[in-house]
Every structure is written in C-alpha cells, then in structure tokens.
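Pasting target-v5.cif here (mmCIF, C-alpha atoms and all ligand atoms):
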```cif
data_structure
loop_
_atom_site.label_atom_id
_atom_site.label_comp_id
_atom_site.auth_asym_id
_atom_site.auth_seq_id
_atom_site.Cartn_x
_atom_site.Cartn_y
_atom_site.Cartn_z
CA MET A 1 16.12 -3.47 -15.81
CA GLU A 2 13.70 -5.00 -13.30
CA PHE A 3 10.07 -5.78 -14.08
CA ARG A 4 9.05 -4.23 -10.76
CA ASP A 5 12.05 -2.71 -9.01
CA LEU A 6 11.47 -3.17 -5.29
CA GLY A 7 15.17 -2.56 -4.64
CA ARG A 8 14.88 1.03 -5.86
CA GLN A 9 11.85 1.56 -3.69
CA TYR A 10 13.73 0.26 -0.67
CA ASN A 11 16.72 2.50 -1.42
CA ARG A 12 14.42 5.47 -1.37
CA LEU A 13 12.45 4.48 1.75
CA HIS A 14 14.99 2.53 3.76
CA THR A 15 15.48 5.03 6.60
CA THR A 16 11.80 4.95 7.52
CA ILE A 17 11.34 1.24 6.85
CA ASP A 18 14.42 0.26 8.87
CA ARG A 19 13.28 2.42 11.77
CA LYS A 20 9.77 0.91 11.71
CA ILE A 21 11.21 -2.62 11.62
CA ALA A 22 13.56 -1.81 14.52
CA GLU A 23 10.60 -0.51 16.55
CA VAL A 24 8.76 -3.80 16.12
CA LEU A 25 11.86 -5.84 16.97
CA SER A 26 12.51 -3.89 20.16
CA SER A 27 8.85 -4.09 21.17
CA ALA A 28 9.13 -7.90 20.73
CA HIS A 29 5.48 -7.96 19.69
CA PHE A 30 5.16 -9.89 16.44
CA ILE A 31 1.50 -10.72 15.92
CA SER A 32 -1.23 -8.04 15.96
CA GLY A 33 -0.76 -5.08 18.31
CA GLU A 34 -0.65 -1.35 17.78
CA ALA A 35 1.17 -1.31 14.43
CA VAL A 36 -1.55 -3.52 12.94
CA THR A 37 -4.39 -1.42 14.35
CA GLU A 38 -2.70 1.76 13.14
CA LEU A 39 -2.35 0.32 9.64
CA GLU A 40 -5.95 -0.90 9.53
CA GLN A 41 -7.18 2.56 10.49
CA ALA A 42 -5.01 4.23 7.87
CA LEU A 43 -6.18 1.80 5.17
CA ALA A 44 -9.85 2.20 6.05
CA ALA A 45 -9.50 5.98 5.99
CA TYR A 46 -7.68 5.83 2.65
CA ALA A 47 -10.28 3.58 1.01
CA GLY A 48 -13.13 5.53 2.61
CA VAL A 49 -14.80 2.60 4.39
CA ARG A 50 -15.67 2.02 8.05
CA HIS A 51 -13.71 -1.17 8.63
CA CYS A 52 -10.45 -2.69 7.46
CA ILE A 53 -9.54 -6.16 8.74
CA SER A 54 -6.01 -7.24 7.90
CA CYS A 55 -5.22 -10.89 7.24
CA GLY A 56 -2.57 -13.26 5.93
CA ASN A 57 -2.85 -12.66 2.18
CA GLY A 58 -5.23 -11.61 -0.58
CA THR A 59 -6.49 -15.16 -1.16
CA ASP A 60 -7.49 -15.59 2.49
CA ALA A 61 -9.15 -12.18 2.33
CA ILE A 62 -11.52 -13.44 -0.40
CA SER A 63 -12.14 -16.71 1.45
CA ILE A 64 -12.88 -14.95 4.75
CA ALA A 65 -15.27 -12.56 2.99
CA LEU A 66 -17.14 -15.48 1.38
CA MET A 67 -17.28 -17.33 4.71
CA ALA A 68 -18.66 -14.25 6.46
CA TYR A 69 -21.60 -14.26 4.03
CA GLY A 70 -22.00 -18.03 4.19
CA VAL A 71 -21.37 -18.53 0.47
CA GLY A 72 -20.97 -22.26 -0.19
CA SER A 73 -22.44 -25.41 -1.63
CA GLY A 74 -25.18 -24.88 -4.22
CA ASP A 75 -24.21 -21.26 -4.82
CA ALA A 76 -23.10 -19.85 -8.17
CA VAL A 77 -20.39 -17.20 -7.92
CA PHE A 78 -19.74 -15.17 -11.06
CA VAL A 79 -16.03 -14.56 -11.70
CA PRO A 80 -14.18 -13.06 -14.66
CA ASP A 81 -12.53 -15.65 -16.90
CA PHE A 82 -9.47 -13.41 -17.21
CA THR A 83 -7.90 -13.00 -13.75
CA PHE A 84 -5.50 -14.50 -11.25
CA PHE A 85 -6.45 -17.97 -10.02
CA SER A 86 -7.53 -16.92 -6.49
CA SER A 87 -10.65 -15.12 -7.74
CA GLY A 88 -12.07 -18.50 -8.82
CA GLU A 89 -10.19 -20.71 -6.38
CA CYS A 90 -11.74 -19.16 -3.25
CA PRO A 91 -15.41 -19.69 -4.17
CA ALA A 92 -14.56 -23.24 -5.29
CA ALA A 93 -12.70 -23.89 -2.01
CA ALA A 94 -15.81 -22.65 -0.17
CA GLY A 95 -17.84 -25.34 -1.97
CA ALA A 96 -19.55 -22.89 -4.33
CA THR A 97 -19.39 -23.12 -8.13
CA PRO A 98 -17.47 -20.41 -9.95
CA VAL A 99 -19.21 -19.43 -13.18
CA PHE A 100 -16.81 -17.69 -15.53
CA VAL A 101 -17.79 -14.51 -17.30
CA ASP A 102 -16.08 -12.86 -20.26
CA VAL A 103 -14.25 -9.54 -20.02
CA GLU A 104 -14.15 -6.34 -22.06
CA ARG A 105 -11.53 -6.16 -24.76
CA ASP A 106 -10.37 -2.65 -23.89
CA THR A 107 -10.42 -2.61 -20.07
CA TYR A 108 -9.74 -6.32 -19.37
CA ASN A 109 -12.47 -6.15 -16.71
CA MET A 110 -15.74 -8.03 -16.34
CA ASP A 111 -18.17 -7.52 -19.22
CA VAL A 112 -21.54 -6.73 -17.69
CA ARG A 113 -23.48 -8.15 -20.67
CA SER A 114 -21.65 -11.43 -20.33
CA LEU A 115 -22.41 -11.32 -16.58
CA GLU A 116 -26.13 -10.87 -17.22
CA LYS A 117 -26.16 -13.72 -19.72
CA ALA A 118 -24.41 -16.00 -17.24
CA ILE A 119 -26.88 -15.12 -14.47
CA GLU A 120 -29.84 -15.82 -16.80
CA ARG A 121 -28.30 -19.12 -17.86
CA VAL A 122 -27.76 -20.26 -14.26
CA LYS A 123 -31.32 -19.25 -13.39
CA ALA A 124 -32.75 -21.09 -16.41
CA GLU A 125 -30.80 -24.25 -15.56
CA GLY A 126 -32.21 -24.08 -12.04
CA LYS A 127 -29.44 -26.13 -10.41
CA LEU A 128 -27.43 -23.45 -8.65
CA LYS A 129 -28.51 -20.39 -6.74
CA PRO A 130 -26.97 -17.19 -8.16
CA ARG A 131 -25.34 -15.80 -5.05
CA ALA A 132 -22.37 -13.49 -5.60
CA VAL A 133 -20.28 -11.60 -8.14
CA ILE A 134 -16.53 -11.32 -7.68
CA ALA A 135 -15.52 -8.27 -9.71
CA VAL A 136 -11.77 -7.87 -10.18
CA ASP A 137 -9.92 -4.55 -10.61
CA LEU A 138 -7.53 -6.07 -13.10
CA PHE A 139 -4.10 -4.52 -13.62
CA GLY A 140 -5.04 -1.64 -11.29
CA LEU A 141 -8.13 -0.41 -13.12
CA PRO A 142 -11.43 -0.46 -11.20
CA ALA A 143 -14.11 -2.65 -12.77
CA ASP A 144 -17.16 -0.86 -14.16
CA TYR A 145 -19.11 -0.74 -10.89
CA ASP A 146 -21.69 1.71 -12.23
CA SER A 147 -22.93 -1.10 -14.49
CA ILE A 148 -22.13 -4.11 -12.27
CA ARG A 149 -23.78 -2.79 -9.10
CA PRO A 150 -27.31 -2.44 -10.59
CA VAL A 151 -27.12 -6.01 -11.97
CA CYS A 152 -26.17 -7.31 -8.51
CA ASP A 153 -28.99 -5.35 -6.90
CA ARG A 154 -31.55 -6.49 -9.46
CA HIS A 155 -30.68 -10.16 -8.90
CA GLY A 156 -30.03 -9.89 -5.16
CA LEU A 157 -26.37 -10.85 -5.49
CA LEU A 158 -23.54 -10.09 -3.11
CA LEU A 159 -20.87 -7.90 -4.75
CA LEU A 160 -17.32 -8.79 -3.70
CA GLU A 161 -14.61 -6.51 -5.08
CA ASP A 162 -11.32 -8.38 -5.54
CA GLY A 163 -9.08 -5.33 -5.32
CA ALA A 164 -5.82 -7.30 -5.03
CA GLN A 165 -4.42 -5.34 -7.98
CA GLY A 166 -6.60 -2.28 -7.61
CA PHE A 167 -5.53 -0.60 -4.37
CA GLY A 168 -5.09 3.10 -5.15
CA GLY A 169 -7.36 3.04 -8.20
CA ARG A 170 -10.55 5.06 -8.21
CA ILE A 171 -13.67 6.09 -10.09
CA GLY A 172 -14.26 9.79 -9.59
CA GLU A 173 -13.39 10.38 -5.96
CA ARG A 174 -14.40 6.89 -4.88
CA LYS A 175 -11.50 4.53 -4.20
CA CYS A 176 -10.94 0.87 -4.93
CA CYS A 177 -11.77 -1.46 -2.04
CA SER A 178 -14.93 0.56 -1.38
CA PHE A 179 -17.05 -0.67 -4.32
CA GLY A 180 -18.09 -4.08 -3.04
CA ASP A 181 -20.52 -4.96 -0.28
CA ILE A 182 -17.23 -6.37 0.84
CA SER A 183 -13.86 -5.76 -0.79
CA THR A 184 -10.46 -7.37 -0.49
CA THR A 185 -6.86 -6.61 -1.36
CA SER A 186 -3.41 -8.20 -1.31
CA PHE A 187 -0.08 -6.85 -0.10
CA PHE A 188 1.99 -9.42 -2.00
CA PRO A 189 5.28 -7.59 -2.73
CA ALA A 190 4.56 -6.95 -6.42
CA LYS A 191 1.06 -5.48 -5.90
CA PRO A 192 0.53 -1.69 -6.06
CA LEU A 193 0.93 -1.52 -2.26
CA GLY A 194 3.14 -4.44 -1.28
CA CYS A 195 4.81 -5.61 1.93
CA TYR A 196 7.90 -7.80 2.38
CA GLY A 197 6.08 -11.11 2.50
CA ASP A 198 2.42 -12.07 2.41
CA GLY A 199 -0.39 -9.84 3.58
CA GLY A 200 -3.98 -8.95 2.76
CA ALA A 201 -7.01 -7.02 3.96
CA ILE A 202 -10.80 -6.96 3.88
CA PHE A 203 -12.88 -3.76 3.69
CA THR A 204 -16.51 -3.28 4.61
CA ASP A 205 -18.96 -0.69 5.93
CA ASP A 206 -21.03 -3.40 7.64
CA ASP A 207 -20.28 -3.56 11.39
CA GLU A 208 -21.64 -7.07 11.79
CA ILE A 209 -19.80 -8.51 8.79
CA ALA A 210 -16.60 -6.80 9.97
CA GLY A 211 -16.95 -8.54 13.34
CA LEU A 212 -17.52 -11.87 11.62
CA CYS A 213 -14.40 -11.40 9.45
CA ARG A 214 -12.30 -10.60 12.54
CA SER A 215 -13.57 -13.73 14.20
CA ILE A 216 -13.09 -15.98 11.15
CA ALA A 217 -9.51 -14.74 10.64
CA VAL A 218 -8.60 -15.87 14.16
CA HIS A 219 -10.04 -19.40 14.52
CA GLY A 220 -13.63 -18.24 14.85
CA LYS A 221 -12.88 -16.57 18.15
CA ASN A 222 -15.47 -14.91 20.31
CA GLU A 223 -15.27 -11.12 20.08
CA ASP A 224 -13.42 -10.64 23.36
CA ASP A 225 -12.07 -14.08 24.27
CA LYS A 226 -9.77 -15.70 21.76
CA TYR A 227 -9.96 -19.06 23.53
CA ASP A 228 -13.73 -19.19 23.16
CA ASN A 229 -14.17 -20.46 19.62
CA VAL A 230 -17.71 -19.88 18.47
CA ARG A 231 -17.42 -20.81 14.78
CA ILE A 232 -15.05 -22.57 12.41
CA GLY A 233 -12.57 -20.10 11.03
CA MET A 234 -8.96 -20.11 9.95
CA ASN A 235 -5.62 -18.69 11.04
CA SER A 236 -4.95 -15.66 8.89
CA ARG A 237 -3.21 -12.69 10.47
CA LEU A 238 -0.96 -9.93 9.23
CA ASP A 239 2.46 -9.97 10.92
CA THR A 240 3.27 -6.88 12.96
CA LEU A 241 6.48 -6.43 10.94
CA GLN A 242 4.50 -6.36 7.70
CA ALA A 243 2.06 -3.85 9.16
CA ALA A 244 4.94 -1.55 10.15
CA ILE A 245 6.48 -1.84 6.68
CA LEU A 246 3.11 -1.14 5.05
CA THR A 247 2.56 1.94 7.17
CA ALA A 248 5.83 3.38 5.89
CA LYS A 249 5.03 2.38 2.31
CA LEU A 250 1.46 3.73 2.43
CA GLU A 251 2.86 7.21 3.04
CA ALA A 252 5.09 7.08 -0.03
CA PHE A 253 2.24 5.50 -2.01
CA GLN A 254 -0.03 8.44 -1.21
CA GLU A 255 2.61 11.16 -1.43
CA TYR A 256 4.13 10.34 -4.80
CA GLU A 257 4.26 6.68 -5.92
CA LEU A 258 0.74 6.56 -7.32
CA GLU A 259 1.30 9.73 -9.31
CA ALA A 260 4.71 8.53 -10.45
CA VAL A 261 3.39 5.21 -11.76
CA ASN A 262 0.63 7.07 -13.59
CA ARG A 263 3.26 9.25 -15.24
CA VAL A 264 5.13 6.11 -16.35
CA ALA A 265 1.94 4.65 -17.87
CA GLY A 266 1.16 7.94 -19.60
CA ARG A 267 4.66 8.11 -21.01
CA TYR A 268 4.49 4.52 -22.34
CA THR A 269 1.23 5.38 -24.05
CA GLU A 270 2.80 8.46 -25.67
CA LEU A 271 5.85 6.52 -26.79
CA LEU A 272 3.93 3.53 -28.16
CA ASP A 273 0.94 5.33 -29.66
CA GLY A 274 0.53 4.66 -33.36
CA THR A 275 2.53 1.41 -33.40
CA GLY A 276 0.72 -0.63 -36.06
CA GLY A 277 -1.68 -3.21 -34.64
CA LEU A 278 -0.55 -2.70 -31.03
CA VAL A 279 -3.43 -2.16 -28.58
CA LEU A 280 -2.58 0.05 -25.59
CA PRO A 281 -4.40 0.00 -22.24
CA VAL A 282 -7.43 2.28 -21.99
CA VAL A 283 -8.51 4.22 -18.91
CA ALA A 284 -12.02 5.57 -19.40
CA ASP A 285 -12.99 9.11 -18.37
CA GLY A 286 -13.36 9.41 -14.62
CA PHE A 287 -11.35 6.25 -13.97
CA TYR A 288 -7.88 6.24 -12.38
CA SER A 289 -5.64 3.17 -12.38
CA SER A 290 -2.97 2.15 -9.88
CA TRP A 291 -1.18 0.35 -12.73
CA ALA A 292 -0.44 -3.02 -11.18
CA GLN A 293 0.47 -3.86 -14.78
CA TYR A 294 0.86 -2.04 -18.08
CA THR A 295 -0.62 -4.60 -20.46
CA VAL A 296 -0.62 -4.29 -24.24
CA GLN A 297 -2.16 -6.53 -26.89
CA LEU A 298 0.35 -7.46 -29.57
CA PRO A 299 -0.76 -7.23 -33.21
CA VAL A 300 -2.87 -10.25 -34.23
CA GLY A 301 -0.66 -13.14 -35.30
CA THR A 302 2.52 -11.91 -33.55
CA ASP A 303 4.84 -14.62 -32.21
CA ARG A 304 4.72 -13.48 -28.58
CA ASP A 305 7.41 -15.88 -27.40
CA ALA A 306 9.76 -14.42 -29.98
CA VAL A 307 8.96 -10.88 -28.79
CA GLN A 308 9.69 -11.90 -25.20
CA ARG A 309 12.95 -13.57 -26.22
CA TYR A 310 14.04 -10.49 -28.16
CA MET A 311 13.19 -8.11 -25.32
CA GLY A 312 14.84 -10.46 -22.82
CA ALA A 313 18.04 -10.53 -24.87
CA LYS A 314 18.07 -6.70 -24.69
CA GLY A 315 17.74 -6.90 -20.90
CA ILE A 316 14.03 -6.03 -20.79
CA PRO A 317 11.87 -8.38 -18.71
CA THR A 318 8.27 -8.87 -19.84
CA MET A 319 5.49 -11.06 -18.43
CA VAL A 320 2.27 -12.62 -19.70
CA TYR A 321 -0.73 -12.12 -17.42
CA TYR A 322 -2.66 -14.31 -18.19
CA ARG A 323 -1.85 -17.14 -20.59
CA ARG A 324 -4.83 -19.31 -19.82
CA PRO A 325 -8.53 -18.53 -19.29
CA MET A 326 -9.67 -19.50 -15.80
CA HIS A 327 -12.14 -22.06 -17.15
CA ARG A 328 -9.25 -23.82 -18.88
CA GLN A 329 -7.13 -24.16 -15.74
CA GLY A 330 -6.60 -27.82 -14.92
CA ALA A 331 -8.36 -27.45 -11.58
CA PHE A 332 -11.57 -26.37 -13.30
CA ALA A 333 -11.30 -28.68 -16.29
CA GLY A 334 -14.16 -31.14 -16.37
CA THR A 335 -16.30 -29.00 -14.05
CA LYS A 336 -19.48 -27.43 -15.28
CA SER A 337 -17.85 -24.00 -15.33
CA ALA A 338 -15.28 -25.25 -17.81
CA ALA A 339 -17.90 -25.06 -20.53
CA ALA A 340 -17.88 -21.24 -20.39
CA ASP A 341 -17.79 -19.46 -23.70
CA CYS A 342 -15.51 -16.44 -23.31
CA PRO A 343 -14.14 -15.50 -26.74
CA VAL A 344 -12.59 -12.19 -25.65
CA THR A 345 -10.67 -13.83 -22.81
CA LYS A 346 -9.46 -16.50 -25.19
CA GLU A 347 -8.12 -13.91 -27.61
CA LEU A 348 -6.53 -11.80 -24.85
CA CYS A 349 -4.72 -14.84 -23.42
CA GLY A 350 -3.00 -15.26 -26.76
CA ARG A 351 -2.10 -11.59 -27.29
CA VAL A 352 -1.34 -9.81 -24.01
CA LEU A 353 2.12 -8.76 -22.90
CA CYS A 354 2.98 -6.85 -19.72
CA LEU A 355 5.82 -4.32 -19.77
CA PRO A 356 8.02 -3.37 -16.81
CA ILE A 357 6.21 -0.79 -14.69
CA HIS A 358 6.73 0.72 -11.24
CA PRO A 359 6.98 4.23 -9.76
CA TYR A 360 10.78 4.28 -9.96
CA LEU A 361 11.15 3.52 -13.68
CA GLU A 362 13.28 6.19 -15.37
CA GLU A 363 12.68 8.07 -18.60
CA GLY A 364 15.62 6.39 -20.35
CA GLU A 365 14.27 2.97 -19.43
CA MET A 366 10.78 3.74 -20.72
CA GLU A 367 12.25 4.96 -23.98
CA GLU A 368 14.35 1.82 -24.25
CA VAL A 369 11.34 -0.47 -23.63
CA ALA A 370 9.24 1.36 -26.21
CA ARG A 371 12.07 1.49 -28.77
CA ARG A 372 12.84 -2.22 -28.47
CA LEU A 373 9.20 -3.23 -28.63
CA LYS A 374 8.60 -1.18 -31.78
CA GLU A 375 11.83 -2.48 -33.25
CA VAL A 376 10.94 -6.14 -32.76
CA LEU A 377 7.37 -5.66 -34.02
CA GLU A 378 8.54 -3.85 -37.15
CA GLY A 379 11.11 -6.56 -37.82
CA MET A 380 8.44 -9.26 -37.56
CA ASP A 381 6.30 -7.95 -40.33
CA VAL A 382 3.04 -9.69 -39.35
C1 LIG B 401 -2.63 -11.47 -6.21
C2 LIG B 401 -4.06 -11.67 -6.40
C3 LIG B 401 -4.84 -12.36 -5.44
C4 LIG B 401 -4.26 -13.11 -4.29
O1 LIG B 401 -3.45 -12.40 -3.44
P1 LIG B 401 -2.34 -13.17 -2.55
O2 LIG B 401 -1.96 -12.16 -1.53
O3 LIG B 401 -1.24 -13.56 -3.45
O4 LIG B 401 -3.01 -14.35 -1.94
C5 LIG B 401 -6.21 -12.42 -5.65
N1 LIG B 401 -6.78 -11.87 -6.72
C6 LIG B 401 -6.07 -11.22 -7.67
C7 LIG B 401 -6.79 -10.60 -8.82
C8 LIG B 401 -4.68 -11.11 -7.54
O5 LIG B 401 -3.98 -10.46 -8.48
#
```

Please rewrite the model in this file as structure tokens.
Amino acid sequence: MEFRDLGRQYNRLHTTIDRKIAEVLSSAHFISGEAVTELEQALAAYAGVRHCISCGNGTDAISIALMAYGVGSGDAVFVPDFTFFSSGECPAAAGATPVFVDVERDTYNMDVRSLEKAIERVKAEGKLKPRAVIAVDLFGLPADYDSIRPVCDRHGLLLLEDGAQGFGGRIGERKCCSFGDISTTSFFPAKPLGCYGDGGAIFTDDDEIAGLCRSIAVHGKNEDDKYDNVRIGMNSRLDTLQAAILTAKLEAFQEYELEAVNRVAGRYTELLDGTGGLVLPVVADGFYSSWAQYTVQLPVGTDRDAVQRYMGAKGIPTMVYYRRPMHRQGAFAGTKSAAADCPVTKELCGRVLCLPIHPYLEEGEMEEVARRLKEVLEGMDV
C-alpha cells in the first residue's frame, strides 16, 4: 500500500497526461506560454478569484506575496505553530519576525483566541509592528476565516491564506485560495492537486498586487519588457510541462477525485469511530476538506513509534505531520518567537498520526488500515 498512490492516478489519467506532455514537447516551448496561461485562467475560475499567478513552488508563492505587500524588517507576522516550515520560513526570510500562534485541538487550524492574545502581546511590547496573519488550511481543511478575517480587519493586518494543502477545500460555496487578501498554494506532487515536480500559485482579486507578483516572479521585470528590471524580484516560474500536466489533473480533480477522497475520509471515520481514546478529524458544518491528510490523535500515552512500526510491518505506511512545533525548530530556536506558549500544538506533535489517503484508495485497503490500527491500539492497553 502507498501512502499517496500517484502511480494509480497516473494509470488512470495517462492517456491525457501523455498527450499533454507530447504537445509541449512538440511545441518546444518550455517556459511560460499558452499552457501556463490556460492553467492560470482555469485555476482562477476554480478558486473564484480574478487573478492566478503561477510560480516555482508553494514556498516562493508565500515569499512573492509577502514581497508584493512589502512585509519585512520590523514587522510581526502571525503564523500557526503547527504547520509545515515554509509558513514561518518565508516571513523570516523576508526579514519579518514570525510570531507563533496556537491551534485548535479539533481542526488543527489557527486558534483565533490565541491569535488575538499574540497580537495584543506584540502591541504591548511595542517593538514590532503587527503586520500580517498567515492562516494555513492544514490537512485540506480551510481555517476558520469567519473568525480570523474580523480580527485582521480590526487590527489592520494583511491576511495571507497559505492554501498549500487546502486547494479544493471550501466553506459554503467559497473555495480555498480565495479567503486571503492574497492566497497561495503548492503543486508539490503529494498535495491535493499536484504536478510532477515543483509548482505553486498565488491568487488575488487585487489588480495592482497581481501585477506586482507577476513582476517579482520574473526578476522584477517591467510589465511589458522583461529586460527592463524595475524592482528586485526572484526567478520563480512554473514549467510549461507542469502546467500541461496540471491542466489534465485539474479536470480529474474536479470531476471525481475530490469526491473520491472525501468518500475515503468518510469511510475511515465510520470504520474507526468508537475506538477508545482515538481522536478522529472533525469537519465542522459548512466546511469541506480536500483531505491533504487524514490525521488522527492516538490515545494519550500511546507509544506512537511502536504503532508506526506495527503498521509498517503489516505493509501500511503512516506519517507524522508534524513532530515538532514551529517555535521549536532549530532555525527559530533562540529567536524571540521561540518563547511562544502553544500547549495544544505541543500535545498534537506528540499524538498525531497520518493514515494513507488519496482518491484511489480501495475499500479493502481502508478496512485493512482501520483493522490494523484498532488491533495495535487494543494490544497496547494504554
Ligand atoms: C507544502 C507546503 C508549503 C510549501 O510548498 P512547496 O511547493 O513545497 O514549496 C507551504 N505551506 C504548507 C502548509 C505546505 O504544506
């Protein structure tokens, strides 16, 4: 069994993907071009925003967004303590100070009360200027924007949605990558919508910011002359091949993959419900997840390594996202942000376990995962 079976996806989609790749090869046009424009339009339409700017990866997407708003030295950027490194790395790389905020125990997403406390603390200290919030749609579930947005507005903060794991998720009819003043995603192969290498995108309704992002992604080029460099930028483009692959995959994603992965998650929840002490992922009313991960919390005191070894020996791969709070990453150790007090994140880091999930997982495999997990937990007697 694969944790995320991209081989099965390719088997299903290979006729279209191979044809799209062949078209790019015979056009001999490998950077930008029509396939990229076509993809950007399809992504913007899907997310329901005016502009999509593709770029090299999801990390660059965050960095470009921060650069477009001039976030940098002296600025405090509020980031969940429980996320992938990029969410905190990008503001730090921009010269700003990430301030880590605790998450909710049931959704794994930013806790708005912890956010408000952190903003008040930064204001009271008076050293940094509260500037932006990076809200992450962790494991595919949109963050609670109905509570986060008013806090940002009240304090005049930029809201950046890190939708690297959230593409396809939604709240009501509103889709992920449309909740931020600016939003970003990643097309890393294992993400909900993945390409065959690195890729990313930025989403915004703001015409001016969109233009700035396009410029920054290509060496700060002037709008119509790429050899007239009007600002410092970077080199971050989506390959034409990746755009062609994504266009093929986006169709399958919309037509059935997103529904299929939701069925898998629902089935896991049915199969695992009632297992003593095991906490299953929660999707609140009105929310829809794209299930980048299916993450459970093992009963308190469980030897997680032993569970992983047992499952592994039965041929079931599991992963731990994330083992370490952001503020305890070596890169942030000794910085002011390292002092963050995030008890929920700390507990989650010790308890979470991610099960294999993807749209092509079969009923027999889900049953096997659930059976083995229950079996090992019962045998452990914690
Ligand atoms: C994967 C990920 C990123 C970075 O995306 P890359 O394309 O790998 O650079 C950023 N934020 C989160 C939450 C992610 O999961």

Range 262-311 of chain A residues near range 170-188 of chain A within 12 Å, closest pair each, using only C-alpha atoms, as a Markdown table:
```
| residue | atom | partner | partner_atom | distance |
| --- | --- | --- | --- | --- |
| A:Val283 | CA | A:Ile171 | CA | 10.4 |
| A:Ala284 | CA | A:Ile171 | CA | 9.5 |
| A:Asp285 | CA | A:Ile171 | CA | 8.8 |
| A:Gly286 | CA | A:Gly172 | CA | 5.1 |
| A:Phe287 | CA | A:Ile171 | CA | 4.5 |
| A:Tyr288 | CA | A:Arg170 | CA | 5.1 |
| A:Ser289 | CA | A:Arg170 | CA | 6.7 |
| A:Ser290 | CA | A:Arg170 | CA | 8.3 |
| A:Trp291 | CA | A:Arg170 | CA | 11.4 |
| A:Ala292 | CA | A:Phe188 | CA | 11.5 |
```

Please report the interatomic distance between CA of Leu115 in chain A and CA of Val99 in chain A in Å with one decimal.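 A separation of 9.4 Å between them.
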
Distance filter 7 Å around ligand LIG 401 (chain B), atoms: only C-alpha atoms and all ligand atoms, out as number ranges by chain: A: 57-60, 83-87, 136, 138, 162-165, 186-188, 198-200

Please write out, as AutoDock Vina command-line options, where the centre of an axis-aligned box around all listed atoms of range 118-124 of chain A lies and how long its edges are, in Å to one decimal, after adding 8 Å on each side.
```
--center_x -28.6 --center_y -18.1 --center_z -15.6 --size_x 24.3 --size_y 22.0 --size_z 20.5
```

Using all atoms listed in the file: which of A:Gly70, A:Glu365, A:Pro98, A:Pro299 has the shortest distance to Gly274 in chain A: A:Pro299

From the list A:Gly266, A:Gly211, A:Pro142, A:Pro192, the nearest residue to His51 in chain A using all atoms listed in the file is A:Gly211

Counting only C-alpha atoms, which of A:Ala35, A:Ile148, A:Ala118, A:Ala94 gets nearest to Thr240 in chain A?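 Closest residue, counting only C-alpha atoms: A:Ala35.
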
Range 109-114 of chain A: which residues within 9 Å, counting only C-alpha atoms, same-chain residues fewer than 6 positions away excluded, as a PyMOL selection string? chain A and resi 79-83+101-103+135-138+141-144+147-148+151+342

Find the residues around range 41-44 of chain A up to 12 Å (only C-alpha atoms counted), leave out those fewer than 3 positions away in its own chain, and share them as number ranges by chain. A: 34-38, 47-54, 167-168, 175-178, 183-185, 187, 193, 200-205, 210, 243-244, 246-251, 253-254

What gap, in Å, lies between CA of Arg351 in chain A and CA of Gly166 in chain A?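 For CA of Arg351 in chain A relative to CA of Gly166 in chain A, the distance reads 22.2 Å.
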
In terms of the shortest atom-to-atom distance over only C-alpha atoms, which of A:Arg323, A:Glu347, A:Pro281, A:Gly95 is closest to Gly301 in chain A?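 Of A:Arg323, A:Glu347, A:Pro281, A:Gly95, the one nearest Gly301 in chain A, counting only C-alpha atoms, is A:Glu347.
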
Just how far from CA of Gln329 in chain A is CA of Glu89 in chain A, in Å to one decimal?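 We find that CA of Glu89 in chain A and CA of Gln329 in chain A lie 10.4 Å from each other.
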
Using only C-alpha atoms - which residues lie no farther than 8 Å from the point (6.4, -10.7, -23.4) in the file's frame? Write them as a VMD selection string. chain A and resid 304 to 305 307 to 309 311 317 to 320 352 to 355

Can I get the selected residues back with C-alpha atoms, as a compact mmCIF listing (two decimals), keeping the file's coordinate frame?
```
# COMPACT_ATOMS: atom_id res chain seq x y z
CA ARG A 304 4.72 -13.48 -28.58
CA ASP A 305 7.41 -15.88 -27.40
CA VAL A 307 8.96 -10.88 -28.79
CA GLN A 308 9.69 -11.90 -25.20
CA ARG A 309 12.95 -13.57 -26.22
CA MET A 311 13.19 -8.11 -25.32
CA PRO A 317 11.87 -8.38 -18.71
CA THR A 318 8.27 -8.87 -19.84
CA MET A 319 5.49 -11.06 -18.43
CA VAL A 320 2.27 -12.62 -19.70
CA VAL A 352 -1.34 -9.81 -24.01
CA LEU A 353 2.12 -8.76 -22.90
CA CYS A 354 2.98 -6.85 -19.72
CA LEU A 355 5.82 -4.32 -19.77
```
